[in-house]
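Data block for my_file-v8.tsv (TSV, C-alpha atoms):
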chain	number	residue	atom	x	y	z
A	6	MET	CA	0.00	0.00	0.00
A	7	LYS	CA	1.24	3.47	-0.82
A	8	ASP	CA	2.25	5.78	2.01
A	9	SER	CA	-0.40	8.31	1.03
A	10	ASP	CA	-3.10	5.60	1.27
A	11	ILE	CA	-1.90	4.63	4.74
A	12	ILE	CA	-1.93	8.25	5.87
A	13	GLN	CA	-5.43	8.61	4.47
A	14	LEU	CA	-6.53	5.68	6.62
A	15	TYR	CA	-5.31	7.58	9.68
A	16	TRP	CA	-7.16	10.66	8.57
A	17	ASP	CA	-10.30	8.58	8.04
A	18	ARG	CA	-9.83	7.17	11.58
A	19	ASN	CA	-9.80	3.71	10.05
A	20	ASP	CA	-8.32	0.99	12.32
A	21	ARG	CA	-6.62	-0.59	9.33
A	22	ALA	CA	-4.11	2.26	9.46
A	23	ILE	CA	-2.33	0.51	12.32
A	24	SER	CA	-2.13	-2.92	10.69
A	25	GLU	CA	-1.02	-1.46	7.36
A	26	THR	CA	1.63	0.59	9.14
A	27	SER	CA	2.75	-2.47	11.03
A	28	ASP	CA	2.94	-4.55	7.85
A	29	LYS	CA	4.97	-2.01	5.95
A	30	TYR	CA	7.04	-0.28	8.61
A	31	GLY	CA	6.91	-2.59	11.63
A	32	ARG	CA	10.31	-4.12	10.91
A	33	TYR	CA	11.82	-0.73	10.11
A	34	CYS	CA	10.62	0.76	13.41
A	35	ARG	CA	11.57	-2.37	15.32
A	36	SER	CA	15.14	-2.24	14.00
A	37	ILE	CA	15.51	1.37	15.20
A	38	ALA	CA	14.08	0.53	18.61
A	39	LYS	CA	16.29	-2.55	18.94
A	40	ASN	CA	19.40	-0.56	18.06
A	41	ILE	CA	18.71	1.76	20.96
A	42	LEU	CA	17.21	-0.60	23.49
A	43	GLU	CA	18.66	-4.02	22.72
A	44	ASN	CA	15.71	-5.49	24.50
A	45	GLU	CA	12.95	-7.20	22.54
A	46	GLN	CA	10.14	-6.41	24.94
A	47	ASP	CA	11.03	-2.76	25.39
A	48	ALA	CA	11.51	-2.40	21.64
A	49	GLU	CA	8.13	-3.94	20.92
A	50	GLU	CA	6.42	-1.63	23.38
A	51	CYS	CA	8.07	1.40	21.78
A	52	VAL	CA	6.95	0.28	18.34
A	53	ASN	CA	3.38	-0.10	19.61
A	54	ASP	CA	3.64	3.34	21.19
A	55	THR	CA	4.81	4.62	17.82
A	56	TYR	CA	1.55	3.49	16.24
A	57	LEU	CA	-0.40	5.12	19.06
A	58	ASN	CA	1.51	8.38	18.64
A	59	ALA	CA	1.00	8.24	14.88
A	60	TRP	CA	-2.72	7.69	15.47
A	61	ASN	CA	-2.83	10.74	17.73
A	62	ALA	CA	-0.82	12.90	15.35
A	63	MET	CA	-2.79	12.12	12.19
A	64	PRO	CA	-4.87	14.12	11.70
A	65	THR	CA	-3.91	16.98	11.85
A	66	HIS	CA	-0.41	16.13	10.64
A	67	TRP	CA	0.20	14.85	7.10
A	68	PRO	CA	3.80	13.53	7.00
A	69	GLU	CA	5.72	14.22	3.82
A	70	GLN	CA	7.74	11.08	4.38
A	71	LEU	CA	5.91	8.49	6.41
A	72	SER	CA	8.97	6.32	7.05
A	73	ALA	CA	11.00	9.22	8.49
A	74	PHE	CA	7.99	10.38	10.52
A	75	LEU	CA	7.49	6.94	12.05
A	76	GLY	CA	11.23	6.48	12.48
A	77	LYS	CA	11.50	9.71	14.43
A	78	LEU	CA	8.63	8.72	16.70
A	79	THR	CA	10.27	5.36	17.36
A	80	ARG	CA	13.67	6.94	17.93
A	81	ASN	CA	12.32	9.47	20.44
A	82	LEU	CA	10.23	6.92	22.31
A	83	SER	CA	13.08	4.43	22.41
A	84	PHE	CA	15.55	7.02	23.63
A	85	ASN	CA	13.19	8.08	26.40
A	86	ARG	CA	12.87	4.44	27.41
A	87	TYR	CA	16.66	4.09	27.25
A	88	LYS	CA	17.12	7.04	29.62
A	89	TYR	CA	14.55	5.55	31.98
A	90	ASN	CA	16.35	2.20	31.89
A	91	ARG	CA	19.69	3.90	32.50
A	92	ALA	CA	18.28	5.61	35.54
A	93	GLU	CA	17.22	2.18	36.69
A	94	LYS	CA	20.75	0.91	35.99
A	95	ARG	CA	19.55	-1.21	33.12
A	96	GLY	CA	20.50	-1.12	29.46
A	97	GLY	CA	23.87	-0.39	27.89
A	98	GLY	CA	25.68	-2.17	25.10
A	99	GLU	CA	26.13	-0.91	21.56
A	100	PHE	CA	23.91	2.13	21.94
A	101	THR	CA	25.95	3.30	24.90
A	102	LEU	CA	28.92	3.32	22.52
A	103	VAL	CA	26.99	5.58	20.15
A	104	LEU	CA	26.40	8.05	22.95
A	105	ASP	CA	29.99	7.81	24.17
A	106	GLU	CA	31.19	8.66	20.67
A	107	LEU	CA	28.98	11.74	20.65
A	108	ALA	CA	30.65	12.80	23.89
A	109	ASP	CA	33.60	13.80	21.67
A	110	CYS	CA	31.52	16.69	20.40
A	111	VAL	CA	30.28	18.09	23.70
A	112	SER	CA	31.65	19.19	27.06
A	113	GLY	CA	29.40	16.88	29.03
A	114	LYS	CA	28.35	19.72	31.32
A	115	ASP	CA	24.87	21.01	31.82
A	116	ASN	CA	24.78	24.44	30.24
A	117	VAL	CA	22.45	25.96	32.76
A	118	GLU	CA	24.00	29.41	32.62
A	119	GLN	CA	24.40	29.57	28.90
A	120	GLU	CA	21.11	28.72	27.29
A	121	ILE	CA	21.84	27.51	23.80
A	122	ASP	CA	19.24	28.34	21.23
A	123	ARG	CA	18.12	24.82	20.44
A	124	ARG	CA	16.52	25.78	17.15
A	125	GLU	CA	19.67	27.50	15.90
A	126	LEU	CA	21.78	24.57	17.01
A	127	THR	CA	19.48	22.13	15.24
A	128	GLU	CA	19.75	24.19	12.07
A	129	ALA	CA	23.53	24.27	12.35
A	130	VAL	CA	23.73	20.51	12.86
A	131	ASN	CA	21.41	20.03	9.90
A	132	ALA	CA	23.59	22.28	7.76
A	133	PHE	CA	26.70	20.39	8.78
A	134	VAL	CA	25.23	16.99	7.99
A	135	ALA	CA	23.68	18.21	4.74
A	136	GLY	CA	27.09	19.53	3.67
A	137	LEU	CA	28.86	16.22	4.08
A	138	PRO	CA	29.62	14.19	0.95
A	139	GLU	CA	26.70	11.85	0.30
A	140	ARG	CA	28.44	8.65	1.29
A	141	LYS	CA	29.86	10.07	4.51
A	142	ARG	CA	26.53	11.67	5.31
A	143	LYS	CA	24.79	8.32	5.07
A	144	ILE	CA	27.37	6.68	7.30
A	145	PHE	CA	27.02	9.50	9.85
A	146	VAL	CA	23.23	9.29	9.87
A	147	ARG	CA	23.21	5.50	10.08
A	148	ARG	CA	25.38	5.68	13.16
A	149	TYR	CA	24.00	8.71	14.98
A	150	TRP	CA	20.38	8.70	13.85
A	151	TYR	CA	19.62	5.02	13.34
A	152	ALA	CA	22.24	3.96	15.92
A	153	ASP	CA	23.33	1.17	13.59
A	154	PRO	CA	26.26	-0.92	14.85
A	155	VAL	CA	29.59	-0.11	13.18
A	156	SER	CA	29.84	-3.69	11.94
A	157	GLU	CA	26.52	-3.39	10.14
A	158	ILE	CA	27.49	-0.10	8.52
A	159	ALA	CA	30.73	-1.74	7.44
A	160	GLY	CA	28.74	-4.60	5.93
A	161	VAL	CA	26.36	-2.32	4.09
A	162	TYR	CA	29.13	-0.19	2.60
A	163	GLY	CA	31.65	-2.97	2.12
A	164	MET	CA	34.20	-1.26	4.38
A	165	GLY	CA	36.28	-2.50	7.23
A	166	SER	CA	34.94	-1.70	10.71
A	167	GLY	CA	38.15	0.17	11.53
A	168	ASN	CA	37.71	2.35	8.48
A	169	VAL	CA	34.12	3.16	9.46
A	170	SER	CA	35.22	4.07	12.99
A	171	LYS	CA	37.98	6.35	11.71
A	172	THR	CA	35.61	8.02	9.28
A	173	LEU	CA	33.10	8.62	12.08
A	174	GLU	CA	35.81	9.97	14.34
A	175	ARG	CA	36.88	12.47	11.70
A	176	MET	CA	33.30	13.59	11.19
A	177	ARG	CA	32.74	14.06	14.92
A	178	LYS	CA	35.80	16.30	15.09
A	179	GLN	CA	34.57	18.23	12.07
A	180	LEU	CA	31.16	18.65	13.69
A	181	ARG	CA	32.65	19.96	16.91
A	182	ASN	CA	34.88	22.42	15.03
A	183	TYR	CA	31.99	23.47	12.81
A	184	LEU	CA	29.77	24.26	15.77
A	185	THR	CA	32.51	25.92	17.80
A	186	GLU	CA	33.42	28.20	14.90
A	187	ARG	CA	29.79	29.29	14.81
A	188	GLY	CA	29.79	30.25	18.45
A	189	PHE	CA	28.13	27.23	19.99
A	190	GLU	CA	29.83	26.46	23.28
A	191	LEU	CA	28.93	22.84	23.70
B	2	MET	CA	25.86	20.15	26.73
B	3	ARG	CA	25.55	16.44	27.37
B	4	LYS	CA	25.86	13.70	24.80
B	5	GLU	CA	22.21	12.78	25.30
B	6	ASP	CA	21.22	16.32	24.30
B	7	LEU	CA	23.25	16.07	21.12
B	8	PHE	CA	21.63	12.72	20.29
B	9	GLU	CA	18.22	14.36	20.67
B	10	ILE	CA	19.23	17.27	18.46
B	11	LEU	CA	20.45	14.85	15.82
B	12	GLY	CA	17.00	13.30	16.00
B	13	GLU	CA	15.66	16.46	14.44
B	14	LEU	CA	17.59	16.07	11.21
B	15	ASP	CA	15.62	16.79	8.06
B	16	ASP	CA	13.35	13.98	6.94
B	17	SER	CA	15.05	13.90	3.54
B	18	ILE	CA	18.44	13.23	5.14
B	19	VAL	CA	17.02	10.49	7.35
B	20	GLU	CA	15.15	8.93	4.43
B	21	GLU	CA	18.20	9.05	2.20
B	22	ALA	CA	20.41	7.23	4.69
B	23	GLY	CA	17.74	4.60	5.18
B	24	LYS	CA	17.70	3.82	1.48
B	25	PRO	CA	19.71	0.88	0.26
B	26	VAL	CA	23.07	1.47	-1.34
B	27	ARG	CA	24.25	-0.35	-4.41
B	28	ARG	CA	27.76	-1.63	-4.36
B	29	ARG	CA	29.84	0.02	-7.06
B	30	ILE	CA	32.44	-1.88	-8.98
B	31	ASN	CA	35.96	-0.80	-8.17
B	32	TRP	CA	37.63	-0.87	-11.55
B	33	LYS	CA	40.98	-0.06	-9.99
B	34	ALA	CA	40.84	-3.18	-7.85
B	35	LEU	CA	39.53	-5.20	-10.77
B	36	GLY	CA	42.45	-3.95	-12.84
B	37	THR	CA	44.83	-5.05	-10.12
B	38	MET	CA	43.21	-8.46	-10.01
B	39	ALA	CA	43.47	-8.76	-13.78
B	40	ALA	CA	47.16	-7.83	-13.61
B	41	CYS	CA	47.72	-10.42	-10.88
B	42	LEU	CA	45.94	-13.03	-12.96
B	43	THR	CA	48.14	-12.18	-15.91
B	44	LEU	CA	51.25	-12.52	-13.76
B	45	MET	CA	50.04	-15.88	-12.48
B	46	CYS	CA	49.48	-17.09	-16.04
B	47	ILE	CA	52.95	-15.95	-16.98
B	48	ALA	CA	54.46	-17.63	-13.93
B	49	PHE	CA	52.61	-20.81	-14.82
B	50	GLY	CA	53.95	-20.57	-18.38
B	51	SER	CA	57.45	-20.17	-16.99
B	52	PHE	CA	57.00	-23.25	-14.83
B	53	SER	CA	55.79	-25.25	-17.82
B	54	PHE	CA	58.73	-24.12	-19.92
B	55	THR	CA	61.18	-25.24	-17.26
B	56	ASP	CA	59.44	-28.51	-16.70
B	57	ARG	CA	59.17	-29.37	-20.37
B	58	PHE	CA	62.85	-28.94	-21.04
B	59	GLY	CA	64.12	-30.25	-17.73
B	60	ASN	CA	65.86	-26.94	-17.21
B	61	ARG	CA	65.37	-25.67	-13.67
B	62	SER	CA	67.06	-22.37	-14.34
B	63	GLU	CA	64.93	-19.30	-13.52
B	64	GLU	CA	66.31	-17.51	-16.53
B	65	ALA	CA	63.85	-18.94	-19.00
B	66	PRO	CA	64.01	-16.15	-21.58
B	67	VAL	CA	60.67	-16.65	-23.26
B	68	ALA	CA	58.64	-16.60	-20.08
B	69	GLU	CA	60.47	-13.83	-18.28
B	70	ALA	CA	60.39	-11.17	-20.92
B	71	PRO	CA	56.65	-10.52	-20.76
B	72	ALA	CA	56.73	-10.69	-16.97
B	73	GLU	CA	59.06	-7.71	-16.87
B	74	GLU	CA	56.69	-5.79	-19.09
B	75	GLU	CA	53.68	-6.54	-16.92
B	76	ALA	CA	55.07	-5.87	-13.50
B	77	PRO	CA	55.47	-2.09	-13.68
B	78	ALA	CA	52.04	-1.72	-15.21
B	79	ALA	CA	50.48	-3.56	-12.33
B	80	GLU	CA	52.32	-1.44	-9.79
B	81	GLU	CA	51.24	1.73	-11.47
B	82	GLU	CA	47.63	0.74	-11.52
B	83	ALA	CA	47.43	-0.08	-7.86
B	84	PRO	CA	50.00	-1.26	-5.36
B	85	ALA	CA	49.21	-4.72	-4.13
B	86	GLU	CA	48.66	-3.57	-0.55
B	87	GLU	CA	46.01	-1.13	-1.68
B	88	ALA	CA	43.93	-3.73	-3.44
B	89	PRO	CA	41.42	-4.23	-0.62
B	90	VAL	CA	40.14	-0.70	-0.92
B	91	GLN	CA	37.75	-0.95	1.98
B	92	GLU	CA	40.61	-1.43	4.41
B	93	THR	CA	42.59	1.52	3.14
B	94	PRO	CA	42.06	4.55	5.34
B	95	GLY	CA	41.43	6.63	2.25
B	96	GLU	CA	39.67	9.95	2.52
B	97	GLU	CA	36.81	9.27	0.18
B	98	MET	CA	36.24	5.55	0.84
B	99	SER	CA	35.98	5.43	-2.92
B	100	ALA	CA	34.09	2.21	-3.52
B	101	GLU	CA	33.70	-1.34	-2.57
B	102	ALA	CA	35.64	-3.92	-4.41
B	103	ALA	CA	34.21	-6.87	-6.23
B	104	VAL	CA	36.49	-9.12	-4.28
B	105	PRO	CA	37.45	-12.68	-5.11
B	106	GLY	CA	35.19	-15.18	-3.43
B	107	ASP	CA	32.02	-13.16	-3.96
B	108	ILE	CA	29.03	-15.38	-4.42
B	109	ALA	CA	25.71	-14.81	-6.13
B	110	PRO	CA	23.30	-12.30	-4.60
B	111	MET	CA	21.06	-14.05	-2.08
B	112	ALA	CA	18.45	-13.19	0.50
B	113	TYR	CA	17.25	-15.11	3.52
B	114	VAL	CA	13.58	-14.50	4.12
B	115	ASN	CA	11.15	-16.36	6.37
B	116	ASP	CA	13.66	-19.13	7.07
B	117	THR	CA	14.28	-19.72	3.37
B	118	LEU	CA	17.38	-18.96	1.36
B	119	TYR	CA	16.74	-17.42	-2.04
B	120	ILE	CA	19.21	-16.73	-4.82
B	121	GLN	CA	18.87	-14.05	-7.45
B	122	SER	CA	17.56	-15.65	-10.60
B	123	PRO	CA	19.72	-15.30	-13.71
B	124	ALA	CA	16.51	-15.05	-15.75
B	125	GLN	CA	15.00	-11.66	-14.99
B	126	GLU	CA	11.90	-10.30	-16.67
B	127	GLY	CA	9.77	-7.21	-16.26
B	128	TYR	CA	7.87	-7.74	-13.03
B	129	ALA	CA	6.41	-4.27	-12.56
B	130	GLU	CA	3.23	-5.19	-14.43
B	131	ARG	CA	2.75	-8.17	-12.12
B	132	ARG	CA	2.77	-5.97	-9.06
B	133	GLU	CA	-0.77	-7.03	-8.17
B	134	GLU	CA	0.43	-10.60	-7.67
B	135	PHE	CA	2.99	-9.57	-5.07
B	136	SER	CA	2.38	-9.84	-1.38
B	137	TYR	CA	4.42	-7.53	0.84
B	138	LEU	CA	6.63	-9.37	3.33
B	139	GLY	CA	8.89	-6.70	4.78
B	140	ARG	CA	12.23	-5.02	4.19
B	141	ILE	CA	15.77	-6.29	4.10
B	142	GLU	CA	17.06	-5.49	7.56
B	143	SER	CA	20.70	-6.42	7.47
B	144	ALA	CA	23.47	-7.36	5.11
B	145	VAL	CA	26.50	-9.57	5.20
B	146	THR	CA	29.48	-9.34	2.92
B	147	GLN	CA	29.23	-10.70	-0.60
B	148	ASP	CA	31.37	-13.73	0.13
B	149	ARG	CA	28.85	-15.10	2.63
B	150	GLU	CA	25.41	-16.60	2.50
B	151	PRO	CA	22.85	-14.71	4.54
B	152	ASP	CA	21.44	-16.76	7.40
B	153	GLN	CA	19.21	-14.39	9.34
B	154	ASN	CA	15.69	-13.53	8.31
B	155	PHE	CA	15.47	-10.49	6.04
B	156	GLN	CA	19.18	-10.51	5.48
B	157	ALA	CA	20.98	-10.25	2.13
B	158	ASN	CA	24.55	-10.55	0.99
B	159	ASP	CA	24.21	-7.44	-1.06
B	160	PRO	CA	24.01	-3.91	0.39
B	161	ILE	CA	20.26	-3.61	-0.09
B	162	VAL	CA	19.16	-2.89	3.47
B	163	GLY	CA	15.77	-1.19	3.38
B	164	CYS	CA	14.64	-2.76	0.11
B	165	GLU	CA	11.10	-4.09	0.08
B	166	VAL	CA	10.56	-7.82	-0.23
B	167	TYR	CA	7.46	-9.39	-1.75
B	168	GLN	CA	6.21	-12.94	-2.04
B	169	TYR	CA	5.63	-13.94	-5.64
B	170	GLY	CA	4.31	-17.47	-5.85
B	171	GLU	CA	6.98	-19.69	-4.32
B	172	ASP	CA	9.66	-17.11	-5.00
B	173	ILE	CA	10.30	-13.62	-3.76
B	174	VAL	CA	10.81	-10.33	-5.52
B	175	ILE	CA	12.94	-7.53	-4.11
B	176	GLU	CA	12.59	-3.95	-5.22
B	177	ILE	CA	16.05	-2.51	-5.76
B	178	ASP	CA	16.54	0.93	-7.24
B	179	ASP	CA	12.96	1.04	-8.51
B	180	ARG	CA	13.29	-2.29	-10.23
B	181	TYR	CA	11.99	-5.70	-9.21
B	182	TRP	CA	14.44	-8.59	-9.00
B	183	LEU	CA	13.34	-12.19	-8.84
B	184	TYR	CA	14.95	-14.45	-6.24
B	185	VAL	CA	14.24	-18.18	-6.38
B	186	LYS	CA	14.68	-20.82	-3.71
B	187	LYS	CA	18.33	-21.74	-3.61
B	188	ASP	CA	18.00	-25.50	-3.92
B	189	GLY	CA	15.44	-28.14	-4.71
B	190	GLU	CA	14.71	-28.68	-1.03
B	191	GLY	CA	13.15	-25.29	-0.82
B	192	GLY	CA	16.21	-23.55	0.54
B	193	ARG	CA	14.95	-24.10	4.05
B	194	ARG	CA	17.49	-24.79	6.75

Would you mind writing the file out in structure tokens?
Amino acid sequence: MKDSDIIQLYWDRNDRAISETSDKYGRYCRSIAKNILENEQDAEECVNDTYLNAWNAMPTHWPEQLSAFLGKLTRNLSFNRYKYNRAEKRGGGEFTLVLDELADCVSGKDNVEQEIDRRELTEAVNAFVAGLPERKRKIFVRRYWYADPVSEIAGVYGMGSGNVSKTLERMRKQLRNYLTERGFEL
Amino acid sequence: MRKEDLFEILGELDDSIVEEAGKPVRRRINWKALGTMAACLTLMCIAFGSFSFTDRFGNRSEEAPVAEAPAEEEAPAAEEEAPAEEAPVQETPGEEMSAEAAVPGDIAPMAYVNDTLYIQSPAQEGYAERREEFSYLGRIESAVTQDREPDQNFQANDPIVGCEVYQYGEDIVIEIDDRYWLYVKKDGEGGRR
């Protein structure tokens, strides 16, 4: 079924919207949730919550790209669950490595005094990622958006894992420099 | 700022960027590596010819003139094209990660779906008009290297993660780059493990 037909089902408040979404994007959402949570049950609950959030958002929202819309919902829900699990001293694994890598780009301190304009920072990060060469951009997004394991990225792009890690490291440094040059004290 | 905050900000990347990275990538042929392989093959043939020459005449000298002359001509060409240590391009910490090599040992494109191993059929037809007969199964979720058989559900040995998979009779069809590719069960026993 086409994305637009699925969205229309949501707008029509037709229950089939959920099953059609699950059929077409269930695995996609589940893979994102699993990358972050590494726990089948938590991942499944986040995917179900994704459908519920999609149901609540449509209408009035009409996503331009349904996969990215659902993926973002899953990512946010899964990350919230991850933070909850961390507080409960659960979780860890590959996704913790993703976060630890991102620590290269930030100070790790709470910037209570200096309130960073989140919207401006988001735009700057978007501009940085958009400006990367296509292949590097995809590798960056697969790692830091989809939280894909390095080994999987290496498999997809036919690279060695070490090469992927070095490429990511270079891009993290570039991101930090890019943001610092633009006045963002991270 | 904490790393968790940055992860959340990255979550707000443009949909188009997210979508693009989620799309499958097609492995490009590395002609440089292929050229190196061809040069190596040529050298092996020449070496084999040299061995035959020696054997045939009972002369164990390494100075077999007929065989060695072309070898000297080939060697510099091979070095110029690509040094031997650079042949596995994916391991070279090159800036642009130029492309993936069609390495020796690659096997036919396969996909493992619903506990069944499928192999890309050599006989491909136009399947777009038969779209109504397809039944959506899911997307390829992971990939292994091209020298391995996939063994996890919705796994391929081609970089086609994200591609949609459909049931088509007893076979499957995978949509890659807006084109449908037929995969048939790998062996007569249904490919099931």

### Message
I'd like the interatomic distance between CA of Tyr151 (chain A) and CA of Glu190 (chain A), to a tenth of an Å.
### Response
25.7 Å

### Task
Pull out every residue of chain A sitting within 6 Å of chain B, counting all atoms listed in the file, and send them as a count of residues only.
20

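Between CA of Trp67 (chain A) and CA of Lys39 (chain A) there is a distance of 26.5 Å.
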
Adding 3 Å on each side of the box along x, y and z that holds all listed atoms of region 19-34 of chain A, could you give its centre and edge lengths in Å to one decimal, as JSON?
{"center_x": 1.0, "center_y": -0.4, "center_z": 9.7, "size_x": 27.6, "size_y": 14.3, "size_z": 13.5}

Quick one: residues within 8 Å of Arg148 (chain A), all atoms listed in the file, excluding same-chain residues fewer than 5 positions away - as a PDB file with C-alpha atoms, keeping the file's coordinate frame?
ATOM      1  CA  VAL A 103      26.990   5.580  20.150  1.00  0.00           C
ATOM      2  CA  ASP A 153      23.330   1.170  13.590  1.00  0.00           C
ATOM      3  CA  PRO A 154      26.260  -0.920  14.850  1.00  0.00           C
ATOM      4  CA  VAL A 155      29.590  -0.110  13.180  1.00  0.00           C
ATOM      5  CA  ILE A 158      27.490  -0.100   8.520  1.00  0.00           C
TER       6      ILE A 158
END

#### Entry: Point-to-point distance from CA of Asn58 (chain A) to CA of Ser72 (chain A), Å rounded to tenths
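Computing the Euclidean distance for CA of Asn58 (chain A) and CA of Ser72 (chain A) yields 13.9 Å.
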
### Message
Restricting the calculation to only C-alpha atoms: of A:Ser166, A:Ser156, A:Thr172, A:Gln13, which residue gets closest to Trp60 (chain A)?
### Response
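Closest residue, counting only C-alpha atoms: A:Gln13.
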
### Nearest residue to Lys29 (chain A) from the set A:Leu75, A:Leu126, A:Leu102, A:Met6 (distances using only C-alpha atoms)
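The closest residue to Lys29 (chain A) is A:Met6.
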
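Closest approach to Ser136 (chain B) among B:Trp182, B:Ala40, B:Asp116, B:Val174 is made by B:Val174 (distances from all atoms listed in the file).
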
### Task
Determine the nearest neighbour of Asp28 (chain A) from the options B:Val166, B:Leu44, B:Asp179, B:Arg149, counting all atoms listed in the file.
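Using all atoms listed in the file, the shortest distance to Asp28 (chain A) belongs to B:Val166.
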